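Written out below as structure tokens is the structure these notes cover.
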Amino acid sequence: MDDLTSGSDSDYTKYWIDWFLSTKGNEYFCEVDEEYILDRFNLTGLNSEVQHYVQALDLITDSLEEELDDEMREAVEKSARHLYGLIHARFIITSRGLAKMLEKYKKADFGRCPRVLCHNQPLLPVGLSDQPYTKSVKLYCPRCEDIYNPKSTRHASIDGAYYGSTFPHMLFQVYPHLLPPKSNERYIPRIFGFKIHDIAKQHRWQDQQREEQQRRITVVGEGNVNN
């Protein structure tokens, strides 16, 4: 990354985000607009949630001028990635962020529902908690309205707070015409063509009759012995 430091503020911001987005495992993230990051109002409160906040923000925006040793630079880089994730969660519920994530959804960048009866429905990332370090990101299917674990271990390790619990539902509030119809198809377990709950009921009835018959035989047998 040292070779990127010679660019302008604007160029390096793009370079840093390009580097971050091109890193394996970060495919679920969209590019947060530079103007959004530079507007400090959008970052309100994040300074208390991120270690080395000032240096991390400076690193993202190419304003980091102080020399850092390797250990400190690694810590600041880790904080920068965390800070970008938290900014990302706020950005993707803005009109601009929703539009960017919509394009990724249309291309099925987040994968497709593994449920057969959802017919390859594209998924959306969702967090089960808005608090960092609580739950990893899950994938929400708007057709069956269930959630799934990402296939890749890289994606499965992403903090769910970087997407938040609101995003996929906000997307369909803004773009209701894209909400897929709910799946009315349900797999029905069958044994020899019979619904499993029906045949199970029949089997239970047969077992009860058999037990009752065995009880009667036992009672009759005991009566004969006593006589």
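Naming works like this for the structure tokens: A, B, ... for the chains as they're shown, residue 1 at the start of each chain, ligands 1 onward in shown order.
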
For the contact check between region 59-98 of chain A and region 47-53 of chain A, emit one row per residue of region 59-98 of chain A within 9 Å, containing the shortest atom pair and the distance in Å rounded to one decimal, counting only C-alpha atoms, chain then rising number order, as a tab-separated table.
```
residue	atom	partner	partner_atom	distance
A:Ala75	CA	A:His52	CA	7.9
A:Val76	CA	A:His52	CA	6.1
A:Ser79	CA	A:Gln51	CA	6.1
A:Ala80	CA	A:Tyr53	CA	7.8
A:His82	CA	A:Val50	CA	7.3
A:Leu83	CA	A:Val50	CA	6.4
```

If you run DSSP over the backbone, which residues in region 21-194 of chain A end up alpha helix (DSSP H)? Put them as a ChimeraX atom specification.
/A:21-22,34-38,53-60,70-91,95-106,153-156,167-174

Would you list the contacts of region 175-192 of chain A as a ChimeraX atom specification, taking every protein, DNA or RNA residue within 12 Å and counting only C-alpha atoms, but skipping same-chain residues closer than 3 positions in sequence?
/A:95,98-99,101-102,105-106,115-124,141-146,168-172,195-200,203

Produce a file of the selected residues containing N, CA and C atoms, as a compact mmCIF listing (two decimals), in the first residue's frame.
```txt
# COMPACT_ATOMS: atom_id res chain seq x y z
N SER A 95 -30.37 6.34 0.06
CA SER A 95 -30.88 6.10 -1.29
C SER A 95 -29.75 5.69 -2.23
N LEU A 98 -28.60 2.08 -1.23
CA LEU A 98 -29.59 1.08 -1.65
C LEU A 98 -29.49 0.81 -3.14
N ALA A 99 -29.27 1.86 -3.92
CA ALA A 99 -29.15 1.70 -5.37
C ALA A 99 -27.93 0.84 -5.73
N MET A 101 -26.42 -1.41 -3.76
CA MET A 101 -26.65 -2.79 -3.32
C MET A 101 -27.69 -3.48 -4.20
N LEU A 102 -28.62 -2.72 -4.73
CA LEU A 102 -29.62 -3.28 -5.64
C LEU A 102 -28.96 -3.87 -6.87
N TYR A 105 -27.53 -7.12 -5.97
CA TYR A 105 -28.62 -8.09 -5.79
C TYR A 105 -29.10 -8.62 -7.13
N LYS A 106 -29.25 -7.71 -8.09
CA LYS A 106 -29.72 -8.12 -9.42
C LYS A 106 -28.74 -9.08 -10.10
N ARG A 115 -32.60 -23.29 -1.04
CA ARG A 115 -33.87 -24.04 -1.00
C ARG A 115 -34.35 -24.30 -2.41
N VAL A 116 -34.59 -25.55 -2.74
CA VAL A 116 -34.95 -25.95 -4.11
C VAL A 116 -36.21 -25.23 -4.58
N LEU A 117 -37.21 -25.11 -3.72
CA LEU A 117 -38.50 -24.56 -4.12
C LEU A 117 -38.50 -23.04 -4.20
N CYS A 118 -37.35 -22.40 -3.94
CA CYS A 118 -37.23 -20.96 -4.15
C CYS A 118 -36.67 -20.64 -5.54
N HIS A 119 -36.29 -21.70 -6.28
CA HIS A 119 -35.91 -21.56 -7.69
C HIS A 119 -34.82 -20.51 -7.92
N ASN A 120 -33.71 -20.66 -7.19
CA ASN A 120 -32.53 -19.81 -7.37
C ASN A 120 -32.78 -18.33 -7.09
N GLN A 121 -33.62 -18.06 -6.14
CA GLN A 121 -33.89 -16.68 -5.74
C GLN A 121 -32.62 -16.01 -5.21
N PRO A 122 -32.24 -14.82 -5.73
CA PRO A 122 -31.08 -14.10 -5.19
C PRO A 122 -31.27 -13.73 -3.72
N LEU A 123 -30.19 -13.71 -2.99
CA LEU A 123 -30.20 -13.43 -1.56
C LEU A 123 -29.67 -12.04 -1.26
N LEU A 124 -29.87 -11.61 -0.03
CA LEU A 124 -29.36 -10.32 0.45
C LEU A 124 -28.69 -10.51 1.81
N CYS A 141 -33.44 -14.65 2.29
CA CYS A 141 -34.18 -14.93 1.06
C CYS A 141 -35.54 -14.25 1.15
N PRO A 142 -35.84 -13.31 0.27
CA PRO A 142 -37.13 -12.61 0.34
C PRO A 142 -38.29 -13.46 -0.15
N ARG A 143 -38.00 -14.63 -0.71
CA ARG A 143 -39.10 -15.49 -1.20
C ARG A 143 -39.62 -16.40 -0.08
N CYS A 144 -38.72 -17.10 0.58
CA CYS A 144 -39.14 -17.98 1.67
C CYS A 144 -39.02 -17.29 3.03
N GLU A 145 -38.43 -16.11 3.04
CA GLU A 145 -38.27 -15.29 4.25
C GLU A 145 -37.51 -16.02 5.34
N ASP A 146 -36.50 -16.76 4.94
CA ASP A 146 -35.64 -17.44 5.89
C ASP A 146 -34.21 -16.97 5.67
N PRO A 168 -32.07 -5.35 4.19
CA PRO A 168 -32.85 -6.01 3.14
C PRO A 168 -34.32 -5.59 3.14
N HIS A 169 -34.85 -5.30 4.31
CA HIS A 169 -36.26 -4.93 4.42
C HIS A 169 -36.47 -3.48 3.96
N MET A 170 -35.48 -2.64 4.22
CA MET A 170 -35.52 -1.28 3.71
C MET A 170 -35.47 -1.27 2.18
N LEU A 171 -34.68 -2.16 1.62
CA LEU A 171 -34.54 -2.23 0.16
C LEU A 171 -35.89 -2.47 -0.50
N PHE A 172 -36.69 -3.38 0.05
CA PHE A 172 -37.98 -3.69 -0.57
C PHE A 172 -39.06 -2.69 -0.19
N LYS A 195 -49.04 -39.12 2.30
CA LYS A 195 -48.43 -38.09 3.13
C LYS A 195 -47.96 -38.71 4.43
N ILE A 196 -46.79 -38.34 4.83
CA ILE A 196 -46.16 -39.03 5.95
C ILE A 196 -46.94 -38.87 7.24
N HIS A 197 -47.59 -37.73 7.44
CA HIS A 197 -48.33 -37.55 8.69
C HIS A 197 -49.58 -38.41 8.71
N ASP A 198 -50.19 -38.66 7.50
CA ASP A 198 -51.37 -39.52 7.43
C ASP A 198 -51.01 -40.97 7.70
N ILE A 199 -49.94 -41.43 7.04
CA ILE A 199 -49.56 -42.82 7.23
C ILE A 199 -49.02 -43.04 8.64
N ALA A 200 -48.38 -42.00 9.19
CA ALA A 200 -47.89 -42.12 10.57
C ALA A 200 -49.07 -42.27 11.53
N HIS A 203 -50.28 -45.75 11.25
CA HIS A 203 -49.39 -46.69 11.94
C HIS A 203 -49.60 -46.63 13.46
```

Write out as a ChimeraX atom specification which residues come within 9 Å of Glu27 (chain A) when counting only C-alpha atoms, dropping same-chain ones fewer than 5 positions away.
/A:21-22,109-110,155

Give me the region 126-204 of chain A side of the contact with region 28-46 of chain A, cut-off 10 Å, one line per residue showing its nearest atom pair and distance in Å at one decimal, counting only C-alpha atoms, sorted by chain and residue number, as JSON lines.
```
{"residue": "A:Val137", "atom": "CA", "partner": "A:Tyr28", "partner_atom": "CA", "distance": 9.8}
{"residue": "A:His155", "atom": "CA", "partner": "A:Tyr28", "partner_atom": "CA", "distance": 7.7}
{"residue": "A:Ile158", "atom": "CA", "partner": "A:Tyr28", "partner_atom": "CA", "distance": 9.1}
{"residue": "A:Tyr162", "atom": "CA", "partner": "A:Phe29", "partner_atom": "CA", "distance": 8.7}
{"residue": "A:Tyr163", "atom": "CA", "partner": "A:Phe29", "partner_atom": "CA", "distance": 8.7}
```

DSSP on the backbone: what in region 41-197 of chain A comes out strand (DSSP E or B), as number ranges by chain?
A: 112, 122, 124-126, 136, 138-141, 146-148, 159, 190-191, 194-195

Take the residues that were just selected and, keeping C-alpha atoms, output them as an mmCIF file, in the first residue's frame.
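The file below, again31.cif, is the result:
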```
data_model
loop_
_atom_site.group_PDB
_atom_site.id
_atom_site.type_symbol
_atom_site.label_atom_id
_atom_site.label_comp_id
_atom_site.auth_asym_id
_atom_site.auth_seq_id
_atom_site.Cartn_x
_atom_site.Cartn_y
_atom_site.Cartn_z
ATOM 1 C CA ARG A 112 -28.885 -17.702 -4.417
ATOM 2 C CA PRO A 122 -31.078 -14.097 -5.187
ATOM 3 C CA LEU A 124 -29.360 -10.318 0.446
ATOM 4 C CA PRO A 125 -26.938 -9.933 3.369
ATOM 5 C CA VAL A 126 -28.446 -9.207 6.765
ATOM 6 C CA SER A 136 -21.757 -12.909 11.707
ATOM 7 C CA LYS A 138 -26.393 -14.128 7.231
ATOM 8 C CA LEU A 139 -28.143 -14.280 3.878
ATOM 9 C CA TYR A 140 -31.850 -13.463 3.667
ATOM 10 C CA CYS A 141 -34.185 -14.932 1.062
ATOM 11 C CA ASP A 146 -35.639 -17.441 5.894
ATOM 12 C CA ILE A 147 -31.932 -16.905 6.491
ATOM 13 C CA TYR A 148 -28.921 -19.003 5.566
ATOM 14 C CA ASP A 159 -19.518 -9.098 11.068
ATOM 15 C CA ARG A 190 -44.547 -39.134 1.431
ATOM 16 C CA ILE A 191 -44.171 -42.858 1.946
ATOM 17 C CA PHE A 194 -49.072 -41.263 1.189
ATOM 18 C CA LYS A 195 -48.435 -38.087 3.125
#
```

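Taking CA of Gly127 (chain A) and CA of Lys151 (chain A) as the two end points, the separation is 16.0 Å.
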